[in-house]
$ cat coords.cif   # mmCIF, C-alpha atoms
data_entry
#
loop_
_atom_site.label_atom_id
_atom_site.label_comp_id
_atom_site.auth_asym_id
_atom_site.auth_seq_id
_atom_site.Cartn_x
_atom_site.Cartn_y
_atom_site.Cartn_z
CA MET E 1 22.94 3.64 -23.79
CA LYS E 2 20.67 6.40 -25.00
CA LYS E 3 17.34 5.66 -26.65
CA ASN E 4 15.20 7.47 -29.16
CA PHE E 5 11.63 8.11 -27.97
CA VAL E 6 9.09 9.10 -30.62
CA LEU E 7 6.06 10.72 -28.97
CA ASP E 8 2.45 10.40 -30.09
CA THR E 9 -0.08 13.25 -29.85
CA ASN E 10 -2.05 11.72 -26.98
CA VAL E 11 1.06 11.59 -24.79
CA LEU E 12 1.53 15.37 -24.96
CA LEU E 13 -2.18 16.06 -24.51
CA HIS E 14 -2.12 13.78 -21.46
CA ASP E 15 0.93 15.52 -19.98
CA PRO E 16 2.65 18.42 -21.79
CA ASN E 17 5.66 17.99 -19.49
CA ALA E 18 6.27 14.58 -21.06
CA LEU E 19 8.70 16.44 -23.31
CA HIS E 20 11.05 16.52 -20.31
CA ALA E 21 10.23 13.07 -18.90
CA PHE E 22 12.80 10.91 -20.72
CA ASP E 23 15.99 11.76 -18.83
CA GLU E 24 19.15 11.78 -20.98
CA ASN E 25 17.53 10.19 -24.02
CA ASN E 26 16.59 11.67 -27.39
CA VAL E 27 12.99 12.82 -27.81
CA VAL E 28 11.52 13.01 -31.32
CA VAL E 29 8.24 14.83 -31.95
CA PRO E 30 6.78 14.14 -35.42
CA ILE E 31 5.59 17.31 -37.17
CA TYR E 32 2.23 15.55 -37.57
CA VAL E 33 1.84 15.59 -33.79
CA ILE E 34 2.23 19.38 -33.86
CA GLU E 35 -0.44 19.58 -36.56
CA GLU E 36 -2.85 17.47 -34.51
CA ILE E 37 -2.17 19.48 -31.37
CA ASP E 38 -2.85 22.67 -33.34
CA ASN E 39 -6.45 21.50 -33.77
CA PHE E 40 -6.98 21.72 -30.00
CA LYS E 41 -5.28 25.01 -29.16
CA ARG E 42 -8.46 27.11 -29.24
CA ASP E 43 -10.49 24.73 -27.09
CA LEU E 44 -11.58 26.02 -23.67
CA SER E 45 -10.81 22.61 -22.26
CA GLU E 46 -8.00 20.73 -20.59
CA LEU E 47 -7.02 19.41 -24.03
CA GLY E 48 -6.89 23.00 -25.25
CA ARG E 49 -4.78 24.09 -22.30
CA ALA E 50 -2.44 21.15 -22.79
CA ALA E 51 -2.11 21.98 -26.48
CA ARG E 52 -1.21 25.59 -25.70
CA THR E 53 1.31 24.48 -23.07
CA VAL E 54 3.02 22.17 -25.56
CA GLY E 55 3.19 25.05 -28.04
CA ARG E 56 4.76 27.37 -25.47
CA ILE E 57 7.35 24.77 -24.44
CA LEU E 58 8.36 24.05 -28.03
CA ASP E 59 8.49 27.75 -28.89
CA GLN E 60 10.81 28.38 -25.94
CA LEU E 61 13.05 25.52 -27.06
CA ARG E 62 13.03 26.91 -30.59
CA LYS E 63 14.67 30.07 -29.27
CA GLU E 64 17.54 27.98 -27.91
CA GLY E 65 18.33 26.19 -31.15
CA SER E 66 17.03 24.48 -34.24
CA LEU E 67 14.17 22.07 -33.62
CA HIS E 68 15.04 20.41 -36.91
CA ALA E 69 18.63 19.70 -35.87
CA GLY E 70 17.81 19.09 -32.22
CA VAL E 71 17.84 21.16 -29.03
CA LYS E 72 19.58 20.18 -25.81
CA LEU E 73 17.29 19.70 -22.81
CA GLU E 74 18.10 20.53 -19.20
CA ASN E 75 18.04 16.85 -18.22
CA GLY E 76 20.87 16.05 -20.65
CA GLY E 77 18.74 14.72 -23.45
CA SER E 78 17.72 16.32 -26.72
CA LEU E 79 14.54 17.11 -28.59
CA ARG E 80 13.88 17.50 -32.29
CA VAL E 81 10.87 17.79 -34.56
CA ALA E 82 10.93 15.38 -37.51
CA PHE E 83 8.93 14.54 -40.62
CA THR E 84 9.02 11.62 -43.06
CA LYS E 85 9.92 11.70 -46.73
CA ARG E 86 8.18 8.41 -47.39
CA GLN E 87 5.34 8.32 -49.87
CA LEU E 88 2.90 6.64 -47.51
CA SER E 89 0.41 5.71 -50.19
CA THR E 90 3.05 3.59 -51.95
CA VAL E 91 4.05 1.62 -48.85
CA SER E 92 1.77 -1.39 -48.49
CA ALA E 93 2.59 -1.78 -44.80
CA PHE E 94 0.85 1.52 -44.04
CA SER E 95 -2.87 2.19 -44.00
CA THR E 96 -3.70 5.57 -45.50
CA SER E 97 -7.03 5.58 -43.66
CA HIS E 98 -5.33 6.42 -40.38
CA GLY E 99 -3.77 9.69 -41.54
CA ALA E 100 -1.62 11.20 -38.81
CA ASP E 101 -1.12 7.88 -37.00
CA THR E 102 0.40 6.41 -40.16
CA ALA E 103 2.67 9.42 -40.60
CA ILE E 104 3.81 9.14 -36.96
CA LEU E 105 4.60 5.45 -37.53
CA ALA E 106 6.60 6.41 -40.59
CA VAL E 107 8.67 8.88 -38.59
CA ALA E 108 9.34 6.19 -35.96
CA LEU E 109 10.44 3.81 -38.71
CA ASP E 110 12.72 6.49 -40.19
CA VAL E 111 14.33 7.16 -36.80
CA LYS E 112 14.87 3.45 -36.28
CA GLU E 113 16.52 2.99 -39.69
CA GLU E 114 18.67 6.11 -39.31
CA ASN E 115 19.92 5.01 -35.88
CA ALA E 116 20.32 1.25 -36.17
CA ASP E 117 22.66 1.11 -33.17
CA ILE E 118 20.20 2.91 -30.85
CA GLN E 119 16.87 1.51 -29.68
CA THR E 120 13.87 3.45 -30.95
CA VAL E 121 10.63 3.38 -28.96
CA LEU E 122 7.25 4.78 -30.02
CA VAL E 123 5.49 6.16 -26.94
CA THR E 124 1.70 6.26 -27.28
CA LYS E 125 -1.39 5.76 -25.18
CA ASP E 126 -3.21 4.32 -28.21
CA VAL E 127 -3.36 0.53 -27.82
CA ASN E 128 -4.04 -0.09 -31.51
CA LEU E 129 -1.14 2.14 -32.57
CA ARG E 130 1.16 0.14 -30.30
CA ILE E 131 -0.02 -3.03 -32.02
CA ARG E 132 0.59 -1.54 -35.48
CA ALA E 133 4.06 -0.39 -34.42
CA ASP E 134 4.93 -3.83 -33.14
CA ALA E 135 3.81 -5.36 -36.45
CA LEU E 136 6.28 -3.06 -38.22
CA GLY E 137 9.10 -4.09 -35.88
CA ILE E 138 9.03 -0.86 -33.86
CA SER E 139 9.20 -1.07 -30.06
CA ALA E 140 6.17 0.62 -28.49
CA ASP E 141 5.33 1.56 -24.91
CA ASP E 142 2.54 3.29 -23.05
CA PHE E 143 3.36 6.55 -21.29
CA ASP E 144 3.10 5.91 -17.58
CA SER E 145 4.98 8.44 -15.50
CA GLU E 146 3.59 6.83 -12.35
CA LYS E 147 1.85 3.56 -13.09
CA VAL E 148 0.22 1.86 -10.12
CA GLU E 149 -1.20 -1.64 -10.50
CA LEU E 150 -4.60 -1.89 -8.80
CA GLU E 151 -3.58 -5.03 -6.94
CA GLU E 152 -0.79 -2.99 -5.33
CA LEU E 153 -2.87 0.15 -4.67
CA TYR E 154 -2.82 1.37 -1.09
CA SER E 155 -6.07 0.18 0.51
CA GLY E 156 -6.03 2.50 3.53
CA MET E 157 -6.35 -0.44 5.92
CA VAL E 158 -4.09 -3.06 7.46
CA GLU E 159 -4.83 -6.20 9.48
CA ILE E 160 -2.82 -6.77 12.66
CA GLU E 161 -2.99 -9.98 14.65
CA VAL E 162 -3.01 -9.50 18.41
CA SER E 163 -3.99 -11.54 21.43
CA GLY E 164 -7.45 -11.56 22.93
CA GLU E 165 -6.10 -9.78 25.99
CA GLU E 166 -4.77 -6.94 23.84
CA ILE E 167 -8.14 -6.52 22.15
CA ASP E 168 -9.83 -6.38 25.54
CA LEU E 169 -7.28 -3.79 26.67
CA PHE E 170 -7.94 -1.77 23.52
CA TYR E 171 -11.67 -1.67 24.28
CA ALA E 172 -11.01 -0.79 27.92
CA GLN E 173 -8.54 2.08 27.51
CA GLY E 174 -9.28 3.18 23.93
CA PHE E 175 -5.80 2.66 22.51
CA LEU E 176 -2.88 0.28 22.08
CA PRO E 177 0.80 1.19 21.80
CA LEU E 178 2.07 1.10 18.21
CA SER E 179 5.10 -1.17 18.23
CA ASP E 180 5.83 -0.80 14.49
CA PRO E 181 6.12 2.81 13.26
CA TYR E 182 6.06 1.90 9.57
CA TYR E 183 2.48 2.82 8.80
CA PHE E 184 0.87 5.67 6.92
CA PRO E 185 -0.94 8.59 8.58
CA ASN E 186 -4.68 7.97 9.02
CA GLU E 187 -4.30 4.30 8.09
CA PHE E 188 -7.03 2.12 9.58
CA VAL E 189 -6.46 -1.11 11.48
CA HIS E 190 -8.45 -4.30 11.78
CA LEU E 191 -7.24 -5.91 15.02
CA LYS E 192 -7.73 -9.67 14.74
CA ASN E 193 -7.48 -12.41 17.32
CA SER E 194 -6.01 -15.41 15.50
CA ALA E 195 -7.39 -17.75 18.14
CA ASN E 196 -10.92 -16.35 17.84
CA PRO E 197 -11.75 -14.63 14.51
CA THR E 198 -14.99 -13.17 15.91
CA HIS E 199 -13.05 -11.35 18.62
CA ALA E 200 -11.85 -8.24 16.76
CA ALA E 201 -11.70 -4.45 16.91
CA LEU E 202 -11.39 -1.49 14.57
CA GLY E 203 -8.87 1.28 15.05
CA LYS E 204 -6.71 3.79 13.23
CA ILE E 205 -3.07 4.76 13.29
CA SER E 206 -1.99 7.87 15.18
CA LEU E 207 1.66 8.38 14.24
CA GLU E 208 1.99 11.47 16.44
CA GLU E 209 0.95 9.52 19.54
CA GLN E 210 2.48 6.25 18.29
CA LYS E 211 -0.80 4.53 19.13
CA ILE E 212 -3.67 2.64 17.59
CA VAL E 213 -6.72 4.66 18.62
CA THR E 214 -10.43 4.04 18.32
CA VAL E 215 -12.49 4.83 15.24
CA THR E 216 -15.45 7.21 15.47
CA ARG E 217 -18.68 5.28 15.98
CA PHE E 218 -21.87 6.31 14.21
CA LYS E 219 -24.68 4.68 16.18
CA ASP E 220 -27.25 7.15 14.87
CA GLY E 221 -25.68 7.32 11.42
CA LEU E 222 -25.48 10.38 9.20
CA TRP E 223 -28.79 11.55 7.76
CA GLY E 224 -30.20 8.09 8.36
CA VAL E 225 -27.24 6.25 6.83
CA ARG E 226 -25.38 3.83 9.07
CA PRO E 227 -22.19 2.01 8.07
CA ARG E 228 -22.83 -1.61 7.11
CA ASN E 229 -19.24 -2.87 7.11
CA LYS E 230 -15.84 -1.92 8.45
CA GLU E 231 -14.77 -0.09 5.28
CA GLN E 232 -17.84 2.12 5.43
CA THR E 233 -17.09 2.83 9.09
CA PHE E 234 -13.57 3.89 8.12
CA ALA E 235 -14.93 6.05 5.28
CA MET E 236 -17.36 7.84 7.62
CA ASP E 237 -14.53 8.52 10.05
CA LEU E 238 -12.53 10.27 7.32
CA LEU E 239 -15.50 12.09 5.83
CA THR E 240 -16.45 13.64 9.18
CA ASN E 241 -12.92 14.42 10.38
CA ASP E 242 -12.43 18.16 9.89
CA GLU E 243 -8.64 17.81 10.05
CA ILE E 244 -8.64 15.62 6.95
CA LYS E 245 -8.85 17.90 3.90
CA LEU E 246 -8.62 15.28 1.16
CA VAL E 247 -10.49 11.97 1.14
CA THR E 248 -10.26 9.39 -1.64
CA LEU E 249 -12.81 6.58 -1.79
CA VAL E 250 -12.24 3.75 -4.26
CA GLY E 251 -14.65 0.90 -4.81
CA LYS E 252 -16.85 -0.89 -7.29
CA ALA E 253 -20.44 0.09 -8.01
CA GLY E 254 -22.77 -0.19 -5.04
CA THR E 255 -20.19 0.05 -2.26
CA GLY E 256 -21.69 3.34 -1.04
CA LYS E 257 -18.96 5.80 -2.01
CA THR E 258 -21.20 8.60 -3.26
CA LEU E 259 -23.99 8.07 -0.74
CA LEU E 260 -21.59 8.21 2.21
CA ALA E 261 -19.86 11.32 0.84
CA ILE E 262 -23.15 13.20 0.36
CA ALA E 263 -24.52 12.08 3.74
CA ALA E 264 -21.38 13.31 5.51
CA GLY E 265 -21.49 16.52 3.48
CA LEU E 266 -25.09 17.21 4.52
CA GLN E 267 -24.19 16.51 8.15
CA LYS E 268 -21.26 18.91 8.06
CA THR E 269 -23.07 21.57 6.06
CA ALA E 270 -26.75 21.52 7.01
CA GLU E 271 -26.41 20.29 10.60
CA GLU E 272 -23.03 21.44 11.91
CA ALA E 273 -22.52 24.45 9.60
CA ILE E 274 -18.80 23.67 9.25
CA TYR E 275 -18.92 24.36 5.51
CA GLN E 276 -20.89 26.94 3.54
CA ARG E 277 -22.26 24.46 1.02
CA ILE E 278 -21.73 21.14 -0.74
CA LEU E 279 -20.30 21.57 -4.22
CA VAL E 280 -20.87 18.46 -6.34
CA SER E 281 -19.68 17.48 -9.79
CA ARG E 282 -19.15 14.39 -11.93
CA PRO E 283 -16.68 14.48 -14.84
CA ILE E 284 -18.90 12.52 -17.20
CA MET E 285 -17.72 15.08 -19.70
CA PRO E 286 -13.97 15.12 -19.11
CA LEU E 287 -12.82 18.18 -17.19
CA GLY E 288 -12.81 21.14 -19.53
CA LYS E 289 -15.11 19.84 -22.25
CA ASP E 290 -17.78 22.50 -22.67
CA ILE E 291 -21.43 21.82 -21.91
CA GLY E 292 -22.40 23.28 -25.27
CA TYR E 293 -25.11 25.62 -26.44
CA LEU E 294 -27.98 23.79 -24.82
CA PRO E 295 -30.82 25.96 -23.52
CA GLY E 296 -31.36 26.54 -19.83
CA SER E 297 -29.24 27.22 -16.77
CA ILE E 298 -26.07 25.37 -15.87
CA GLU E 299 -28.06 23.09 -13.55
CA GLU E 300 -30.48 22.24 -16.37
CA LYS E 301 -27.66 21.53 -18.79
CA VAL E 302 -25.81 19.15 -16.47
CA SER E 303 -28.93 17.63 -14.92
CA PRO E 304 -28.82 14.40 -17.00
CA TRP E 305 -25.23 13.78 -15.94
CA MET E 306 -25.94 14.62 -12.30
CA GLN E 307 -29.03 12.43 -11.90
CA PRO E 308 -27.17 9.83 -9.77
CA ILE E 309 -26.34 12.65 -7.34
CA PHE E 310 -29.96 13.79 -7.24
CA ASP E 311 -31.07 10.18 -6.61
CA ASN E 312 -28.75 9.90 -3.61
CA VAL E 313 -29.86 13.25 -2.19
CA GLU E 314 -33.54 12.35 -2.53
CA PHE E 315 -32.87 9.03 -0.81
CA LEU E 316 -31.21 10.83 2.10
CA MET E 317 -34.10 13.29 2.28
CA GLY E 318 -36.53 10.39 2.46
CA ILE E 319 -38.57 11.63 -0.48
CA SER E 320 -41.25 9.10 -1.45
CA LYS E 321 -43.22 8.75 -4.67
CA SER E 322 -46.10 10.71 -3.20
CA ASP E 323 -43.70 13.47 -2.17
CA LYS E 324 -42.42 13.66 -5.74
CA LYS E 325 -46.00 13.95 -7.00
CA ASN E 326 -46.42 16.89 -4.64
CA GLY E 327 -43.39 18.61 -6.13
CA ARG E 328 -40.71 17.73 -3.57
CA SER E 329 -37.23 16.99 -4.89
CA SER E 330 -33.56 17.53 -4.26
CA ARG E 331 -34.14 21.00 -5.69
CA GLU E 332 -35.14 22.07 -2.18
CA LEU E 333 -31.54 21.83 -0.96
CA ILE E 334 -30.28 23.59 -4.08
CA ASP E 335 -32.71 26.48 -3.55
CA LEU E 336 -31.60 26.72 0.08
CA GLY E 337 -27.99 27.00 -1.06
CA ILE E 338 -26.96 23.85 0.78
CA ILE E 339 -25.99 21.99 -2.39
CA GLN E 340 -24.57 23.49 -5.56
CA ILE E 341 -24.19 21.54 -8.80
CA GLU E 342 -21.43 22.82 -11.06
CA PRO E 343 -19.55 21.43 -14.07
CA LEU E 344 -15.80 21.14 -13.69
CA THR E 345 -15.38 23.03 -16.95
CA TYR E 346 -15.16 26.40 -15.20
CA ILE E 347 -13.20 25.45 -12.09
CA ARG E 348 -9.79 26.63 -13.34
CA GLY E 349 -8.86 30.00 -11.89
CA ARG E 350 -11.36 29.79 -9.04
CA SER E 351 -10.62 29.84 -5.35
CA ILE E 352 -13.09 27.69 -3.41
CA PRO E 353 -13.17 28.45 0.35
CA ASN E 354 -15.15 26.72 3.13
CA GLN E 355 -16.90 24.22 0.90
CA TYR E 356 -17.40 20.47 0.90
CA LEU E 357 -16.39 19.53 -2.64
CA ILE E 358 -17.39 16.09 -3.93
CA VAL E 359 -16.01 14.93 -7.28
CA ASP E 360 -17.73 11.70 -8.27
CA GLU E 361 -16.40 9.33 -10.96
CA ALA E 362 -12.92 10.81 -10.46
CA GLN E 363 -11.33 7.81 -12.18
CA ASN E 364 -12.13 9.55 -15.49
CA LEU E 365 -9.80 12.44 -14.66
CA THR E 366 -6.14 12.62 -15.61
CA PRO E 367 -3.57 13.39 -12.89
CA HIS E 368 -3.23 16.90 -14.32
CA GLU E 369 -6.99 17.45 -14.10
CA VAL E 370 -7.06 16.28 -10.46
CA LYS E 371 -4.22 18.69 -9.75
CA THR E 372 -6.33 21.48 -11.26
CA ILE E 373 -9.17 20.61 -8.87
CA LEU E 374 -7.06 20.22 -5.73
CA THR E 375 -5.23 23.49 -6.28
CA ARG E 376 -8.58 25.33 -6.25
CA ALA E 377 -9.14 24.46 -2.57
CA ALA E 378 -8.90 27.56 -0.41
CA GLU E 379 -8.90 27.73 3.40
CA GLY E 380 -11.49 25.51 5.06
CA THR E 381 -12.39 23.42 2.00
CA LYS E 382 -12.57 19.62 2.10
CA ILE E 383 -12.36 17.59 -1.13
CA ILE E 384 -13.69 14.08 -1.64
CA LEU E 385 -12.74 12.10 -4.73
CA THR E 386 -14.74 8.94 -5.38
CA GLY E 387 -14.58 6.43 -8.20
CA ASP E 388 -14.08 2.93 -9.55
CA PRO E 389 -10.77 2.50 -11.44
CA TYR E 390 -12.22 -0.48 -13.29
CA GLN E 391 -14.79 1.75 -15.02
CA ILE E 392 -12.77 4.11 -17.21
CA ASP E 393 -14.54 6.09 -19.92
CA ASN E 394 -11.66 8.43 -20.79
CA PRO E 395 -9.79 6.98 -23.82
CA TYR E 396 -6.45 8.49 -22.77
CA ILE E 397 -6.14 6.90 -19.33
CA ASP E 398 -6.54 3.46 -17.83
CA SER E 399 -7.02 1.82 -14.44
CA THR E 400 -3.36 2.27 -13.50
CA ASN E 401 -2.61 5.89 -14.37
CA ASN E 402 -5.82 7.86 -13.85
CA GLY E 403 -6.03 10.85 -11.55
CA LEU E 404 -7.83 9.03 -8.74
CA VAL E 405 -5.28 6.21 -8.46
CA THR E 406 -2.37 8.64 -8.78
CA THR E 407 -3.80 10.82 -5.99
CA VAL E 408 -4.20 7.83 -3.68
CA ASN E 409 -0.60 6.82 -4.29
CA ARG E 410 0.93 10.27 -3.86
CA PHE E 411 -1.08 11.41 -0.82
CA LYS E 412 -0.95 8.21 1.25
CA GLY E 413 1.86 9.62 3.37
CA GLU E 414 0.25 13.00 4.06
CA LYS E 415 -1.37 13.88 7.41
CA ILE E 416 -4.23 15.86 5.85
CA ALA E 417 -5.27 13.05 3.51
CA GLY E 418 -7.00 9.72 4.02
CA HIS E 419 -8.05 6.83 1.83
CA VAL E 420 -10.35 3.83 2.01
CA THR E 421 -10.93 1.09 -0.54
CA LEU E 422 -14.51 -0.13 -0.16
CA VAL E 423 -14.92 -3.80 -1.02
CA LYS E 424 -18.41 -5.05 -0.25
CA GLY E 425 -21.37 -3.91 -2.31
CA GLU E 426 -24.35 -2.81 -0.22
CA ARG E 427 -26.76 -1.53 -2.88
CA SER E 428 -28.57 -4.86 -3.27
CA ALA E 429 -27.87 -8.57 -3.55
CA LEU E 430 -28.46 -8.37 -7.32
CA ALA E 431 -26.12 -5.39 -7.78
CA GLU E 432 -23.38 -7.12 -5.77
CA LEU E 433 -23.76 -10.34 -7.75
CA ALA E 434 -23.72 -8.49 -11.07
CA SER E 435 -20.60 -6.57 -10.05
CA ASN E 436 -18.78 -9.79 -9.21
CA LEU E 437 -19.97 -11.98 -12.09
CA LEU E 438 -20.20 -9.68 -15.10
#
$ encode --input "coords.cif" --output "structure tokens"
Amino acid sequence: MKKNFVLDTNVLLHDPNALHAFDENNVVVPIYVIEEIDNFKRDLSELGRAARTVGRILDQLRKEGSLHAGVKLENGGSLRVAFTKRQLSTVSAFSTSHGADTAILAVALDVKEENADIQTVLVTKDVNLRIRADALGISADDFDSEKVELEELYSGMVEIEVSGEEIDLFYAQGFLPLSDPYYFPNEFVHLKNSANPTHAALGKISLEEQKIVTVTRFKDGLWGVRPRNKEQTFAMDLLTNDEIKLVTLVGKAGTGKTLLAIAAGLQKTAEEAIYQRILVSRPIMPLGKDIGYLPGSIEEKVSPWMQPIFDNVEFLMGISKSDKKNGRSSRELIDLGIIQIEPLTYIRGRSIPNQYLIVDEAQNLTPHEVKTILTRAAEGTKIILTGDPYQIDNPYIDSTNNGLVTTVNRFKGEKIAGHVTLVKGERSALAELASNLL
């Protein structure tokens, strides 16, 4: 049986194509959503671009029929724009302090009452609006086109129990035959001896050869950084593999995601000259939000947001307090053109060739914003996305549907992509304890 889906503003700003995401059901867009979206259409941001896309889609549909009466969609459903005739100020169940949200609720209630034999669902990413809808007897759901629970997120590693003899053979010849082909490309393996837990080995899946092969060892480290656990070893293998063009690193604070990415980038750029430069950004301001009319250059404007990057670079450069007093800083690498700091605001429309692009805190990006970044990669560019899905600052996404988690899920079967979930914190004993207890 068909359903009626009433869409909130944040759903369309999150994904303009949500208008076509409800199969053969009826989609209702309150006129108040259009009014709210109109406030964003002039923004030079992802919200602005989403608002303009929604406008173009609705305008195209308007040419095919009346939005008031309803327009047929290609998927078999229908779409109409609705408004409420209720006097909201006279209805005690509504709060007039919430303006458009209250009007959207009223439209959902109208649709429900007009179509008593069809289920009506309010679709919104606003938790509080879902609660208010439920209190009014309206079904409410979040919009999750591809929701991935973190407990089920692909970790990039699998444990395989083998005999001690097989582990010895693996060390001797550098590979083991892969008896089970049902693994992902570039998936890492922890070979365990059930009889002796200390007798183990690390490898990775090679689907082309149908083998478990050895992982790259980093005895000398990268710019003085050596892996401290198996996950960091796996991450370094991906970060230094020139055939892997997309690397996703997920982990809590202090697991070394950013430090490893920058160290590998410096190795590949400054030492091996594989890439022209390291391009680094952090979407503290969500992709597209302008950096404002602050004085100074772009680097000076974004400097407060990029300080964690500068800290990691200075650590890798071995800059001491006395060096800082003498004027040394991460600015040296910027002046040499080895590292470039750039806000994501202006990335749309660019083509980025032969660069090592690191996007830190990528959990604050929507899937659409990550797509914008990945589609900028020209020939020879490698992209690293790092982040902690448990630390979401963007109000329109959560730990299950952000751009980082979605990218991990969609690219896990691709040969040019690799993923590692880092588990153990290595920043300090205090940082690890705080991450686990607080």
$ closest_residue --input "coords.cif" --among "E:Val123, E:Leu47, E:Val27, E:Ile34" --to "Arg80 (chain E)" --atoms "only C-alpha atoms"
E:Val27
$ residues_around --input "coords.cif" --residues "region 205-209 of chain E" --least-positions-apart "4" --cutoff "9 Å" --atoms "all atoms listed in the file" --output "list in words"
Pro177, Leu178, Pro181, Tyr183, Phe184, Pro185, Asn186, Glu187, Phe188, Val189, Val213 and Thr214 of chain E
$ resolve_selection --input "coords.cif" --expression "the PyMOL selection byres ((chain E and resi 18) around 12)" --output "PDB file with C-alpha atoms, keeping the file's coordinate frame"
ATOM      1  CA  PHE E   5      11.630   8.110 -27.970  1.00  0.00           C
ATOM      2  CA  VAL E   6       9.090   9.100 -30.620  1.00  0.00           C
ATOM      3  CA  LEU E   7       6.060  10.720 -28.970  1.00  0.00           C
ATOM      4  CA  ASP E   8       2.450  10.400 -30.090  1.00  0.00           C
ATOM      5  CA  THR E   9      -0.080  13.250 -29.850  1.00  0.00           C
ATOM      6  CA  ASN E  10      -2.050  11.720 -26.980  1.00  0.00           C
ATOM      7  CA  VAL E  11       1.060  11.590 -24.790  1.00  0.00           C
ATOM      8  CA  LEU E  12       1.530  15.370 -24.960  1.00  0.00           C
ATOM      9  CA  LEU E  13      -2.180  16.060 -24.510  1.00  0.00           C
ATOM     10  CA  HIS E  14      -2.120  13.780 -21.460  1.00  0.00           C
ATOM     11  CA  ASP E  15       0.930  15.520 -19.980  1.00  0.00           C
ATOM     12  CA  PRO E  16       2.650  18.420 -21.790  1.00  0.00           C
ATOM     13  CA  ASN E  17       5.660  17.990 -19.490  1.00  0.00           C
ATOM     14  CA  LEU E  19       8.700  16.440 -23.310  1.00  0.00           C
ATOM     15  CA  HIS E  20      11.050  16.520 -20.310  1.00  0.00           C
ATOM     16  CA  ALA E  21      10.230  13.070 -18.900  1.00  0.00           C
ATOM     17  CA  PHE E  22      12.800  10.910 -20.720  1.00  0.00           C
ATOM     18  CA  ASP E  23      15.990  11.760 -18.830  1.00  0.00           C
ATOM     19  CA  VAL E  27      12.990  12.820 -27.810  1.00  0.00           C
ATOM     20  CA  VAL E  28      11.520  13.010 -31.320  1.00  0.00           C
ATOM     21  CA  VAL E  29       8.240  14.830 -31.950  1.00  0.00           C
ATOM     22  CA  ALA E  50      -2.440  21.150 -22.790  1.00  0.00           C
ATOM     23  CA  THR E  53       1.310  24.480 -23.070  1.00  0.00           C
ATOM     24  CA  VAL E  54       3.020  22.170 -25.560  1.00  0.00           C
ATOM     25  CA  ILE E  57       7.350  24.770 -24.440  1.00  0.00           C
ATOM     26  CA  LEU E  58       8.360  24.050 -28.030  1.00  0.00           C
ATOM     27  CA  LEU E  79      14.540  17.110 -28.590  1.00  0.00           C
ATOM     28  CA  VAL E 123       5.490   6.160 -26.940  1.00  0.00           C
ATOM     29  CA  THR E 124       1.700   6.260 -27.280  1.00  0.00           C
ATOM     30  CA  PHE E 143       3.360   6.550 -21.290  1.00  0.00           C
ATOM     31  CA  ASP E 144       3.100   5.910 -17.580  1.00  0.00           C
ATOM     32  CA  SER E 145       4.980   8.440 -15.500  1.00  0.00           C
ATOM     33  CA  GLU E 146       3.590   6.830 -12.350  1.00  0.00           C
ATOM     34  CA  HIS E 368      -3.230  16.900 -14.320  1.00  0.00           C
TER      35      HIS E 368
END
$ atom_distance --input "coords.cif" --atom1 "CA of Pro308 (chain E)" --atom2 "CA of Leu279 (chain E)"
14.7 Å
$ residues_around --input "coords.cif" --residues "Met157 (chain E)" --least-positions-apart "5" --cutoff "9 Å" --atoms "all atoms listed in the file" --output "NGL selection string"
:E and (187-190 or 204 or 231 or 234 or 419-421)
$ resolve_selection --input "coords.cif" --expression "the PyMOL selection byres ((chain E and resi 68) around 7)" --output "list in words"
Ser66, Leu67, Ala69, Gly70, Arg80, Val81 and Ala82 of chain E
$ atom_distance --input "coords.cif" --atom1 "CA of Gly380 (chain E)" --atom2 "CA of Leu246 (chain E)"
11.3 Å
$ closest_residue --input "coords.cif" --among "E:Leu176, E:Ile244, E:Leu336, E:Val225" --to "Thr381 (chain E)" --atoms "all atoms listed in the file"
E:Ile244
$ resolve_selection --input "coords.cif" --expression "the PyMOL selection byres ((chain E and resi 191) around 7)" --output "list of chain:residue names"
E:Glu159, E:Ile160, E:Glu161, E:Val162, E:Val189, E:His190, E:Lys192, E:Asn193, E:Ala200, E:Ala201, E:Leu202
$ residues_around --input "coords.cif" --residues "Pro389 (chain E)" --least-positions-apart "2" --cutoff "9 Å" --atoms "all atoms listed in the file" --output "number ranges by chain"
E: 150, 250-252, 361-364, 387, 391-392, 398-400, 402, 404-405
$ residues_around --input "coords.cif" --residues "Tyr154 (chain E)" --least-positions-apart "5" --cutoff "8 Å" --atoms "only C-alpha atoms" --output "MDAnalysis selection string"
chainID E and resid 408:409 412
$ atom_distance --input "coords.cif" --atom1 "CA of Gln232 (chain E)" --atom2 "CA of Ala431 (chain E)"
17.3 Å
$ closest_residue --input "coords.cif" --among "E:Leu259, E:Leu422, E:Ala378, E:Val313" --to "Asp360 (chain E)" --atoms "all atoms listed in the file"
E:Leu259
$ closest_residue --input "coords.cif" --among "E:Thr102, E:Asn39, E:Asn115, E:Gln340" --to "Tyr356 (chain E)" --atoms "only C-alpha atoms"
E:Gln340
$ residues_around --input "coords.cif" --residues "Pro283 (chain E)" --least-positions-apart "6" --cutoff "12 Å" --atoms "only C-alpha atoms" --output "ChimeraX atom specification"
/E:289-291,302,305-306,341-345,347,358-366,369-370,373,385-387,392-394,403
$ closest_residue --input "coords.cif" --among "E:Asp134, E:Asp180, E:Asp117, E:Glu165" --to "Ala195 (chain E)" --atoms "all atoms listed in the file"
E:Glu165
$ closest_residue --input "coords.cif" --among "E:Phe40, E:Phe411, E:Tyr275, E:Phe310" --to "Glu379 (chain E)" --atoms "all atoms listed in the file"
E:Tyr275
